[in-house]
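Trainee: Contents of structure32.txt (compact mmCIF, C-alpha atoms and all ligand atoms):
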# COMPACT_ATOMS: atom_id res chain seq x y z
CA MET A 140 -20.68 -65.33 121.34
CA ILE A 141 -19.21 -67.42 124.10
CA SER A 142 -18.10 -70.79 122.78
CA ASP A 143 -20.31 -73.87 122.79
CA SER A 144 -17.85 -76.02 124.71
CA MET A 145 -18.95 -77.54 127.99
CA ASP A 146 -17.76 -74.43 129.73
CA GLY A 147 -18.93 -71.98 127.14
CA ASN A 148 -22.68 -72.42 127.39
CA ILE A 149 -24.77 -70.25 129.61
CA GLY A 150 -26.22 -72.06 132.57
CA SER A 151 -29.15 -71.45 134.87
CA GLY A 152 -30.30 -72.32 138.38
CA PRO A 153 -30.37 -71.04 141.91
CA ARG A 154 -27.38 -68.97 142.83
CA THR A 155 -25.63 -66.94 145.42
CA GLY A 156 -22.20 -67.09 146.93
CA ASP A 157 -20.47 -67.53 150.21
CA SER A 158 -16.96 -67.80 151.44
CA ALA A 159 -16.59 -70.51 154.04
CA ARG A 160 -14.99 -73.74 152.94
CA THR A 161 -16.27 -77.05 154.17
CA GLU A 162 -16.13 -80.78 153.50
CA ARG A 163 -18.94 -82.29 151.47
CA ARG A 164 -18.54 -85.76 152.96
CA ALA A 165 -17.61 -85.11 156.56
CA ARG A 166 -19.29 -88.36 157.54
CA PRO A 167 -21.24 -91.14 155.81
CA PRO A 168 -25.03 -90.85 155.56
CA SER A 169 -26.70 -91.80 158.80
CA GLY A 170 -29.78 -94.02 158.61
CA GLY A 171 -31.87 -91.87 160.97
CA ILE A 172 -31.29 -88.51 159.39
CA ALA A 173 -31.42 -89.98 155.89
CA GLU A 174 -34.83 -91.48 156.62
CA MET A 175 -36.02 -88.20 158.09
CA LEU A 176 -34.83 -86.37 154.98
CA ARG A 177 -36.73 -88.83 152.80
CA ARG A 178 -39.92 -88.10 154.72
CA VAL A 179 -39.37 -84.37 154.41
CA ASN A 180 -38.75 -84.87 150.71
CA GLU A 181 -41.99 -86.82 150.30
CA ALA A 182 -43.99 -84.14 152.10
CA LEU A 183 -42.48 -81.37 150.00
CA VAL A 184 -43.13 -83.28 146.79
CA CYS A 185 -46.78 -83.38 147.85
CA MET A 186 -46.73 -79.63 148.30
CA TYR A 187 -44.63 -78.52 145.35
CA GLY A 188 -44.39 -81.47 142.99
CA ALA A 189 -41.58 -83.70 141.78
CA LYS A 190 -38.46 -82.15 140.33
CA GLN A 191 -36.26 -83.62 137.63
CA LEU A 192 -32.69 -82.48 137.13
CA THR A 193 -31.32 -81.76 133.66
CA PRO A 194 -27.66 -80.73 134.05
CA ASN A 195 -26.64 -77.79 131.89
CA TRP A 196 -23.02 -79.02 131.46
CA ASP A 197 -21.70 -75.51 131.81
CA PRO A 198 -19.78 -75.31 135.08
CA VAL A 199 -17.96 -72.08 134.28
CA GLY A 200 -21.16 -70.39 133.22
CA GLU A 201 -22.95 -71.71 136.28
CA MET A 202 -20.25 -70.35 138.55
CA ILE A 203 -20.30 -66.91 136.94
CA HIS A 204 -24.08 -66.86 137.07
CA ILE A 205 -24.03 -67.71 140.79
CA ILE A 206 -21.62 -64.84 141.43
CA LEU A 207 -24.08 -62.55 139.67
CA THR A 208 -27.00 -63.70 141.85
CA GLN A 209 -25.48 -62.33 145.01
CA ASN A 210 -27.74 -59.79 146.69
CA THR A 211 -30.10 -59.43 143.77
CA SER A 212 -33.20 -60.97 142.25
CA ASP A 213 -33.22 -63.86 139.81
CA VAL A 214 -34.52 -61.49 137.15
CA ASN A 215 -31.64 -59.05 137.58
CA SER A 216 -28.99 -61.76 137.79
CA ASP A 217 -30.35 -63.30 134.59
CA ARG A 218 -30.22 -59.89 132.91
CA THR A 219 -26.64 -59.22 133.98
CA TYR A 220 -25.57 -62.69 132.91
CA ALA A 221 -27.19 -62.19 129.52
CA ALA A 222 -25.44 -58.82 129.20
CA LEU A 223 -22.09 -60.43 129.92
CA ARG A 224 -22.74 -63.20 127.45
CA HIS A 225 -23.78 -60.77 124.77
CA ALA A 226 -20.81 -58.44 125.26
CA TYR A 227 -17.96 -60.96 125.07
CA ALA A 228 -17.16 -63.72 122.63
CA SER A 229 -15.43 -65.98 125.15
CA TRP A 230 -14.61 -66.32 128.84
CA GLU A 231 -11.03 -65.45 127.88
CA ASP A 232 -12.35 -62.12 126.60
CA VAL A 233 -14.15 -61.57 129.90
CA ALA A 234 -10.95 -62.33 131.80
CA ALA A 235 -9.03 -59.86 129.65
CA ALA A 236 -11.55 -57.07 130.20
CA SER A 237 -11.07 -54.48 132.87
CA PRO A 238 -13.14 -54.98 136.02
CA SER A 239 -14.62 -51.52 135.57
CA GLU A 240 -15.85 -52.42 132.09
CA ILE A 241 -17.48 -55.58 133.42
CA ALA A 242 -18.91 -53.67 136.38
CA ASP A 243 -20.61 -51.23 134.02
CA LEU A 244 -22.29 -54.12 132.23
CA ILE A 245 -23.64 -55.74 135.39
CA ARG A 246 -24.43 -52.68 137.47
CA ILE A 247 -28.17 -53.33 137.50
CA GLY A 248 -27.53 -56.38 139.72
CA GLY A 249 -25.84 -54.36 142.47
CA LEU A 250 -22.40 -54.86 144.06
CA ALA A 251 -21.10 -54.48 140.53
CA ASP A 252 -17.49 -53.66 141.37
CA ILE A 253 -17.19 -56.54 143.83
CA LYS A 254 -18.80 -59.03 141.46
CA ALA A 255 -16.67 -57.86 138.52
CA GLY A 256 -13.53 -58.34 140.57
CA ARG A 257 -14.60 -61.83 141.60
CA ILE A 258 -15.41 -62.81 138.04
CA VAL A 259 -12.03 -61.65 136.75
CA ASP A 260 -10.21 -63.33 139.64
CA VAL A 261 -11.90 -66.69 139.23
CA LEU A 262 -11.46 -66.74 135.46
CA ALA A 263 -7.81 -65.78 135.80
CA ARG A 264 -7.29 -68.65 138.24
CA LEU A 265 -8.82 -71.17 135.82
CA GLU A 266 -6.62 -69.85 133.04
CA ALA A 267 -3.56 -70.12 135.26
CA ASP A 268 -4.45 -73.67 136.37
CA TYR A 269 -5.40 -75.14 132.99
CA GLY A 270 -3.98 -72.81 130.32
CA HIS A 271 -7.49 -71.96 129.22
CA ILE A 272 -10.75 -71.19 130.95
CA SER A 273 -12.46 -74.46 131.58
CA LEU A 274 -13.70 -76.72 134.33
CA GLU A 275 -13.51 -79.88 132.23
CA ALA A 276 -10.95 -81.17 134.73
CA LEU A 277 -13.80 -81.69 137.18
CA CYS A 278 -14.88 -84.65 135.08
CA ASP A 279 -11.77 -86.53 136.22
CA MET A 280 -12.34 -85.73 139.89
CA ASN A 281 -14.65 -87.44 142.33
CA ASP A 282 -17.24 -85.32 144.09
CA ASP A 283 -15.04 -84.49 147.07
CA GLU A 284 -12.03 -83.60 144.92
CA ALA A 285 -14.19 -81.43 142.68
CA PHE A 286 -15.77 -79.73 145.68
CA ASP A 287 -12.37 -79.04 147.20
CA TYR A 288 -11.04 -77.59 143.95
CA LEU A 289 -14.02 -75.34 143.47
CA THR A 290 -13.90 -74.02 147.03
CA SER A 291 -10.21 -73.25 146.53
CA LEU A 292 -11.15 -70.72 143.84
CA PRO A 293 -11.27 -67.07 144.90
CA GLY A 294 -14.67 -66.12 146.27
CA VAL A 295 -16.20 -69.57 145.75
CA GLY A 296 -17.83 -70.95 148.88
CA PRO A 297 -19.54 -74.28 149.62
CA LYS A 298 -22.93 -73.30 148.27
CA THR A 299 -21.53 -72.05 144.98
CA ALA A 300 -19.38 -75.18 144.64
CA ALA A 301 -22.36 -77.44 145.34
CA CYS A 302 -24.54 -75.56 142.85
CA VAL A 303 -21.91 -75.90 140.14
CA LEU A 304 -21.57 -79.62 140.74
CA LEU A 305 -25.30 -80.26 141.03
CA PHE A 306 -26.82 -77.98 138.39
CA ALA A 307 -24.05 -78.10 135.82
CA MET A 308 -22.82 -81.67 136.25
CA GLY A 309 -25.59 -83.61 137.92
CA ARG A 310 -23.38 -84.56 140.87
CA PRO A 311 -25.29 -85.40 144.10
CA VAL A 312 -23.92 -82.49 146.12
CA PHE A 313 -26.52 -80.70 148.27
CA PRO A 314 -26.35 -76.87 148.25
CA VAL A 315 -27.69 -74.91 151.22
CA ASP A 316 -28.88 -71.36 150.69
CA THR A 317 -30.65 -69.11 153.18
CA HIS A 318 -34.01 -70.79 152.52
CA VAL A 319 -32.74 -74.32 152.97
CA HIS A 320 -30.84 -73.17 156.06
CA ARG A 321 -33.93 -71.64 157.63
CA VAL A 322 -36.21 -74.59 156.85
CA ALA A 323 -33.68 -77.17 158.06
CA ASN A 324 -33.24 -75.35 161.36
CA ARG A 325 -36.96 -74.83 161.93
CA ILE A 326 -37.77 -78.46 161.23
CA GLY A 327 -35.02 -79.45 163.63
CA LEU A 328 -32.78 -81.24 161.15
CA VAL A 329 -29.83 -79.12 162.31
CA ASP A 330 -29.08 -76.48 164.90
CA THR A 331 -26.76 -74.10 163.11
CA LYS A 332 -26.20 -70.39 162.72
CA GLN A 333 -24.95 -70.14 159.14
CA PRO A 334 -25.85 -71.80 155.82
CA ALA A 335 -22.28 -73.05 155.42
CA ALA A 336 -22.53 -74.92 158.73
CA THR A 337 -25.90 -76.33 157.71
CA GLN A 338 -24.44 -77.54 154.45
CA ALA A 339 -21.48 -79.15 156.19
CA GLU A 340 -23.82 -81.04 158.50
CA LEU A 341 -26.69 -81.83 156.17
CA ALA A 342 -25.08 -82.49 152.78
CA PRO A 343 -23.39 -85.76 153.78
CA ALA A 344 -26.72 -87.10 155.05
CA VAL A 345 -28.89 -86.41 152.00
CA PRO A 346 -29.44 -89.59 149.96
CA ASP A 347 -28.01 -89.13 146.47
CA ASP A 348 -31.29 -89.84 144.69
CA ILE A 349 -33.15 -86.95 146.38
CA VAL A 350 -30.43 -84.28 146.44
CA TYR A 351 -31.80 -82.19 143.58
CA GLN A 352 -35.48 -82.57 144.42
CA LEU A 353 -35.02 -81.90 148.12
CA HIS A 354 -32.89 -78.83 147.45
CA MET A 355 -35.35 -77.36 144.96
CA ASN A 356 -38.38 -78.01 147.13
CA MET A 357 -36.76 -76.72 150.31
CA VAL A 358 -35.91 -73.51 148.46
CA GLU A 359 -39.49 -73.27 147.22
CA HIS A 360 -40.81 -74.04 150.69
CA GLY A 361 -38.66 -71.28 152.17
CA ARG A 362 -39.84 -68.80 149.57
CA LEU A 363 -43.54 -69.63 149.59
CA THR A 364 -44.51 -71.11 152.96
CA CYS A 365 -41.69 -71.25 155.51
CA ARG A 366 -40.86 -67.61 154.98
CA ALA A 367 -38.50 -65.75 157.29
CA LEU A 368 -41.40 -63.61 158.51
CA ARG A 369 -44.84 -65.06 159.16
CA PRO A 370 -44.40 -68.63 157.93
CA GLU A 371 -47.68 -70.29 157.03
CA CYS A 372 -47.39 -73.23 159.38
CA GLU A 373 -51.10 -73.94 159.14
CA CYS A 374 -50.58 -74.74 155.47
CA CYS A 375 -47.43 -76.77 155.92
CA ALA A 376 -47.22 -80.52 155.42
CA LEU A 377 -44.32 -80.59 157.88
CA SER A 378 -46.05 -78.88 160.79
CA GLY A 379 -46.77 -82.09 162.70
CA GLY A 380 -43.09 -82.88 163.02
CA CYS A 381 -41.67 -79.38 163.01
CA ALA A 382 -39.72 -78.33 166.08
CA TRP A 383 -40.25 -74.63 165.42
CA ALA A 384 -44.00 -75.01 164.89
CA LYS A 385 -44.29 -76.77 168.24
CA THR A 386 -42.79 -73.77 169.99
CA ARG A 387 -45.45 -71.63 168.33
CA ALA A 388 -48.26 -74.04 169.30
CA VAL A 389 -49.30 -74.22 165.67
CA GLY A 390 -52.67 -75.93 165.43
CA GLU A 391 -53.71 -74.97 168.93
CA ASP A 392 -54.26 -71.29 168.30
CA ALA A 393 -54.46 -71.23 164.55
CA THR A 394 -56.90 -68.57 163.52
CA LYS A 395 -56.98 -69.12 159.81
CA SER A 396 -57.72 -72.05 157.61
CA CYS A 397 -55.37 -73.30 154.95
CA ALA A 398 -56.50 -72.91 151.39
CA SER A 399 -53.99 -75.42 150.04
CA GLU A 400 -54.99 -78.89 148.95
CA LEU A 401 -52.66 -80.88 151.14
CA SER A 402 -53.83 -84.44 151.54
CA GLY A 403 -53.31 -86.69 154.53
CA ALA A 404 -50.58 -88.46 152.56
CA CYS A 405 -48.63 -85.18 152.52
CA TYR A 406 -48.70 -84.65 156.23
CA VAL A 407 -45.63 -85.46 158.33
CA ALA A 408 -46.80 -85.85 161.90
CA GLU A 409 -44.93 -85.74 165.18
CA GLY A 410 -41.84 -87.89 165.12
CA HIS A 411 -41.83 -87.56 161.34
CA GLU A 412 -44.33 -90.36 160.95
CA GLN A 413 -46.72 -89.90 158.09
CA ALA A 414 -50.38 -89.76 159.03
S1 LIG B 1 -44.42 -75.87 160.23
FE1 LIG B 1 -43.96 -73.69 159.91
S2 LIG B 1 -41.84 -73.40 160.63
FE2 LIG B 1 -42.19 -75.62 160.35
S3 LIG B 1 -41.45 -76.05 158.27
FE3 LIG B 1 -43.65 -75.67 158.12
S4 LIG B 1 -43.84 -73.47 157.67
FE4 LIG B 1 -41.74 -73.84 158.42
Translate the structure of the given file into structure tokens.

Mentor:
Amino acid sequence: MISDSMDGNIGSGPRTGDSARTERRARPPSGGIAEMLRRVNEALVCMYGAKQLTPNWDPVGEMIHIILTQNTSDVNSDRTYAALRHAYASWEDVAAASPSEIADLIRIGGLADIKAGRIVDVLARLEADYGHISLEALCDMNDDEAFDYLTSLPGVGPKTAACVLLFAMGRPVFPVDTHVHRVANRIGLVDTKQPAATQAELAPAVPDDIVYQLHMNMVEHGRLTCRALRPECECCALSGGCAWAKTRAVGEDATKSCASELSGACYVAEGHEQA
């Protein structure tokens, strides 16, 4: 089994990867956007409930798990991660394995050869930097230093770095995946083309105390309601203040009723004022 050290446990949480590097704290939180984000957070809590973070204290495992989530379902990434955990006694053993051997273990998750190469590369880099495979050094870094180190690792982009810091270590670093990116752009919080650009712009503005909850609920919102195709704006607590919904005249030509139990307290009206 993989060791029970901080880096040896098997983590969990949302995952995917990207490659662009960015600064977590490009600018201090602005009052206007921070207040807007709090209102969005309140509305999403009404829709999806409060979320409480319990860090898994396994940054290496979290990072490997995120690599395995790329272009596959949560179920398949969990299965490939479990297969990896079962097959090797330590991360050092994984690093010493041939990429083809690892690829055979994780093939069900797709992109197996690419993912296997990334896993071996990132583990080898940790071993070269610290003499063993660990991310304990992050504990002595502030959030920006830790983010910069993680994004310097091969194949680790800003979302992966933020997920490692947030889910494994409880650091208030806001990850942006495709769901968060889509929701943030539709609401009008940002006007960006790529998740990495959204993260660079949005992450510094998210108040520390809502980072986890807002991330989780924006992901859920993107999966369940603000879907890429046919978003259910009629059922959305954000529709009154949503820039994208306005362009679709949501509410004026709505032909269906919403079966959800959104209360008036959930609704964020035009100008992001609560009704
Ligand atoms: S109103 Fe529609 S587009 Fe806007 S956030 Fe809600 S579901 Fe998404």

Trainee: Counting only C-alpha atoms, which of A:Leu363, A:Ala307, A:Leu353, A:Ile253 gets nearest to Asn210 (chain A)?

Mentor: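 Under the stated criterion, the closest residue is A:Ile253.
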
Trainee: In terms of the shortest atom-to-atom distance over all atoms listed in the file, which of A:Ala235, A:Leu328, A:Leu192, A:Ile205 is closest to Val345 (chain A)?

Mentor: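 For Val345 (chain A), the nearest of the candidates is A:Leu328.
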
Trainee: Report the distance between CA of Met308 (chain A) and CA of Ala221 (chain A) in Å, rounded to one decimal place.

Mentor: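 According to the coordinates, CA of Met308 (chain A) and CA of Ala221 (chain A) are separated by 21.1 Å.
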
Trainee: From (-43.0, -74.8, 154.4), in the file's coordinates, out to 9 Å: which residues are reached, counting all atoms listed in the file? Answer as a PyMOL selection string.

Mentor: chain A and resi 183+186+322+357+359-366+370-372+374-378

Trainee: Interatomic distance between CA of Arg369 (chain A) and CA of Arg321 (chain A)?

Mentor: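 One can read the CA of Arg369 (chain A) to CA of Arg321 (chain A) distance as 12.8 Å.
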
Trainee: Quick one: distance from CA of Trp383 (chain A) to CA of Asp213 (chain A) in Å, one decimal?

Mentor: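 For CA of Trp383 (chain A) relative to CA of Asp213 (chain A), the distance reads 28.7 Å.
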
Trainee: Could you write region 323-355 of chain A as a PDB file, in the coordinates of the input, with N, CA and C atoms rebuilt where they are missing?

Mentor:
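Output file result.pdb is given in full below:
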ATOM      1  N   ALA A 323     -34.348 -76.051 157.370  1.00  0.00           N
ATOM      2  CA  ALA A 323     -33.680 -77.170 158.060  1.00  0.00           C
ATOM      3  C   ALA A 323     -33.590 -76.911 159.564  1.00  0.00           C
ATOM      4  N   ASN A 324     -33.332 -75.672 159.931  1.00  0.00           N
ATOM      5  CA  ASN A 324     -33.240 -75.350 161.360  1.00  0.00           C
ATOM      6  C   ASN A 324     -34.619 -75.356 162.010  1.00  0.00           C
ATOM      7  N   ARG A 325     -35.625 -74.860 161.329  1.00  0.00           N
ATOM      8  CA  ARG A 325     -36.960 -74.830 161.930  1.00  0.00           C
ATOM      9  C   ARG A 325     -37.516 -76.239 162.103  1.00  0.00           C
ATOM     10  N   ILE A 326     -37.284 -77.077 161.111  1.00  0.00           N
ATOM     11  CA  ILE A 326     -37.770 -78.460 161.230  1.00  0.00           C
ATOM     12  C   ILE A 326     -37.047 -79.177 162.376  1.00  0.00           C
ATOM     13  N   GLY A 327     -35.810 -78.789 162.598  1.00  0.00           N
ATOM     14  CA  GLY A 327     -35.020 -79.450 163.630  1.00  0.00           C
ATOM     15  C   GLY A 327     -34.022 -80.446 163.068  1.00  0.00           C
ATOM     16  N   LEU A 328     -33.766 -80.354 161.762  1.00  0.00           N
ATOM     17  CA  LEU A 328     -32.780 -81.240 161.150  1.00  0.00           C
ATOM     18  C   LEU A 328     -31.380 -80.884 161.613  1.00  0.00           C
ATOM     19  N   VAL A 329     -31.133 -79.605 161.842  1.00  0.00           N
ATOM     20  CA  VAL A 329     -29.830 -79.120 162.310  1.00  0.00           C
ATOM     21  C   VAL A 329     -30.079 -78.000 163.306  1.00  0.00           C
ATOM     22  N   ASP A 330     -29.035 -77.635 163.991  1.00  0.00           N
ATOM     23  CA  ASP A 330     -29.080 -76.480 164.900  1.00  0.00           C
ATOM     24  C   ASP A 330     -27.836 -75.659 164.621  1.00  0.00           C
ATOM     25  N   THR A 331     -27.932 -74.823 163.598  1.00  0.00           N
ATOM     26  CA  THR A 331     -26.760 -74.100 163.110  1.00  0.00           C
ATOM     27  C   THR A 331     -27.074 -72.620 162.942  1.00  0.00           C
ATOM     28  N   LYS A 332     -26.034 -71.843 162.842  1.00  0.00           N
ATOM     29  CA  LYS A 332     -26.200 -70.390 162.720  1.00  0.00           C
ATOM     30  C   LYS A 332     -26.037 -69.903 161.286  1.00  0.00           C
ATOM     31  N   GLN A 333     -25.266 -70.606 160.489  1.00  0.00           N
ATOM     32  CA  GLN A 333     -24.950 -70.140 159.140  1.00  0.00           C
ATOM     33  C   GLN A 333     -25.233 -71.225 158.105  1.00  0.00           C
ATOM     34  N   PRO A 334     -25.612 -70.813 156.875  1.00  0.00           N
ATOM     35  CA  PRO A 334     -25.850 -71.800 155.820  1.00  0.00           C
ATOM     36  C   PRO A 334     -24.655 -72.731 155.570  1.00  0.00           C
ATOM     37  N   ALA A 335     -23.445 -72.203 155.662  1.00  0.00           N
ATOM     38  CA  ALA A 335     -22.280 -73.050 155.420  1.00  0.00           C
ATOM     39  C   ALA A 335     -22.201 -74.179 156.441  1.00  0.00           C
ATOM     40  N   ALA A 336     -22.542 -73.875 157.698  1.00  0.00           N
ATOM     41  CA  ALA A 336     -22.530 -74.920 158.730  1.00  0.00           C
ATOM     42  C   ALA A 336     -23.650 -75.922 158.495  1.00  0.00           C
ATOM     43  N   THR A 337     -24.800 -75.426 158.040  1.00  0.00           N
ATOM     44  CA  THR A 337     -25.900 -76.330 157.710  1.00  0.00           C
ATOM     45  C   THR A 337     -25.503 -77.265 156.580  1.00  0.00           C
ATOM     46  N   GLN A 338     -24.857 -76.703 155.573  1.00  0.00           N
ATOM     47  CA  GLN A 338     -24.440 -77.540 154.450  1.00  0.00           C
ATOM     48  C   GLN A 338     -23.429 -78.600 154.882  1.00  0.00           C
ATOM     49  N   ALA A 339     -22.489 -78.191 155.730  1.00  0.00           N
ATOM     50  CA  ALA A 339     -21.480 -79.150 156.190  1.00  0.00           C
ATOM     51  C   ALA A 339     -22.120 -80.306 156.949  1.00  0.00           C
ATOM     52  N   GLU A 340     -23.188 -80.003 157.686  1.00  0.00           N
ATOM     53  CA  GLU A 340     -23.820 -81.040 158.500  1.00  0.00           C
ATOM     54  C   GLU A 340     -24.833 -81.860 157.706  1.00  0.00           C
ATOM     55  N   LEU A 341     -25.572 -81.175 156.842  1.00  0.00           N
ATOM     56  CA  LEU A 341     -26.690 -81.830 156.170  1.00  0.00           C
ATOM     57  C   LEU A 341     -26.274 -82.559 154.885  1.00  0.00           C
ATOM     58  N   ALA A 342     -25.411 -81.947 154.106  1.00  0.00           N
ATOM     59  CA  ALA A 342     -25.080 -82.490 152.780  1.00  0.00           C
ATOM     60  C   ALA A 342     -24.645 -83.950 152.823  1.00  0.00           C
ATOM     61  N   PRO A 343     -23.815 -84.346 153.788  1.00  0.00           N
ATOM     62  CA  PRO A 343     -23.390 -85.760 153.780  1.00  0.00           C
ATOM     63  C   PRO A 343     -24.531 -86.729 154.073  1.00  0.00           C
ATOM     64  N   ALA A 344     -25.618 -86.213 154.633  1.00  0.00           N
ATOM     65  CA  ALA A 344     -26.720 -87.100 155.050  1.00  0.00           C
ATOM     66  C   ALA A 344     -27.808 -87.236 153.989  1.00  0.00           C
ATOM     67  N   VAL A 345     -27.804 -86.376 152.989  1.00  0.00           N
ATOM     68  CA  VAL A 345     -28.890 -86.410 152.000  1.00  0.00           C
ATOM     69  C   VAL A 345     -28.649 -87.569 151.031  1.00  0.00           C
ATOM     70  N   PRO A 346     -29.604 -88.494 150.923  1.00  0.00           N
ATOM     71  CA  PRO A 346     -29.440 -89.590 149.960  1.00  0.00           C
ATOM     72  C   PRO A 346     -29.269 -89.051 148.541  1.00  0.00           C
ATOM     73  N   ASP A 347     -28.365 -89.649 147.798  1.00  0.00           N
ATOM     74  CA  ASP A 347     -28.010 -89.130 146.470  1.00  0.00           C
ATOM     75  C   ASP A 347     -29.228 -88.945 145.571  1.00  0.00           C
ATOM     76  N   ASP A 348     -30.176 -89.862 145.650  1.00  0.00           N
ATOM     77  CA  ASP A 348     -31.290 -89.840 144.690  1.00  0.00           C
ATOM     78  C   ASP A 348     -32.305 -88.733 144.968  1.00  0.00           C
ATOM     79  N   ILE A 349     -32.190 -88.046 146.114  1.00  0.00           N
ATOM     80  CA  ILE A 349     -33.150 -86.950 146.380  1.00  0.00           C
ATOM     81  C   ILE A 349     -32.458 -85.599 146.509  1.00  0.00           C
ATOM     82  N   VAL A 350     -31.168 -85.532 146.237  1.00  0.00           N
ATOM     83  CA  VAL A 350     -30.430 -84.280 146.440  1.00  0.00           C
ATOM     84  C   VAL A 350     -31.067 -83.118 145.679  1.00  0.00           C
ATOM     85  N   TYR A 351     -31.274 -83.304 144.397  1.00  0.00           N
ATOM     86  CA  TYR A 351     -31.800 -82.190 143.580  1.00  0.00           C
ATOM     87  C   TYR A 351     -33.223 -81.825 144.009  1.00  0.00           C
ATOM     88  N   GLN A 352     -34.075 -82.835 144.109  1.00  0.00           N
ATOM     89  CA  GLN A 352     -35.480 -82.570 144.420  1.00  0.00           C
ATOM     90  C   GLN A 352     -35.643 -81.944 145.801  1.00  0.00           C
ATOM     91  N   LEU A 353     -34.913 -82.451 146.766  1.00  0.00           N
ATOM     92  CA  LEU A 353     -35.020 -81.900 148.120  1.00  0.00           C
ATOM     93  C   LEU A 353     -34.514 -80.463 148.154  1.00  0.00           C
ATOM     94  N   HIS A 354     -33.406 -80.201 147.489  1.00  0.00           N
ATOM     95  CA  HIS A 354     -32.890 -78.830 147.450  1.00  0.00           C
ATOM     96  C   HIS A 354     -33.917 -77.882 146.835  1.00  0.00           C
ATOM     97  N   MET A 355     -34.411 -78.247 145.665  1.00  0.00           N
ATOM     98  CA  MET A 355     -35.350 -77.360 144.960  1.00  0.00           C
ATOM     99  C   MET A 355     -36.611 -77.114 145.776  1.00  0.00           C
TER     100      MET A 355
END
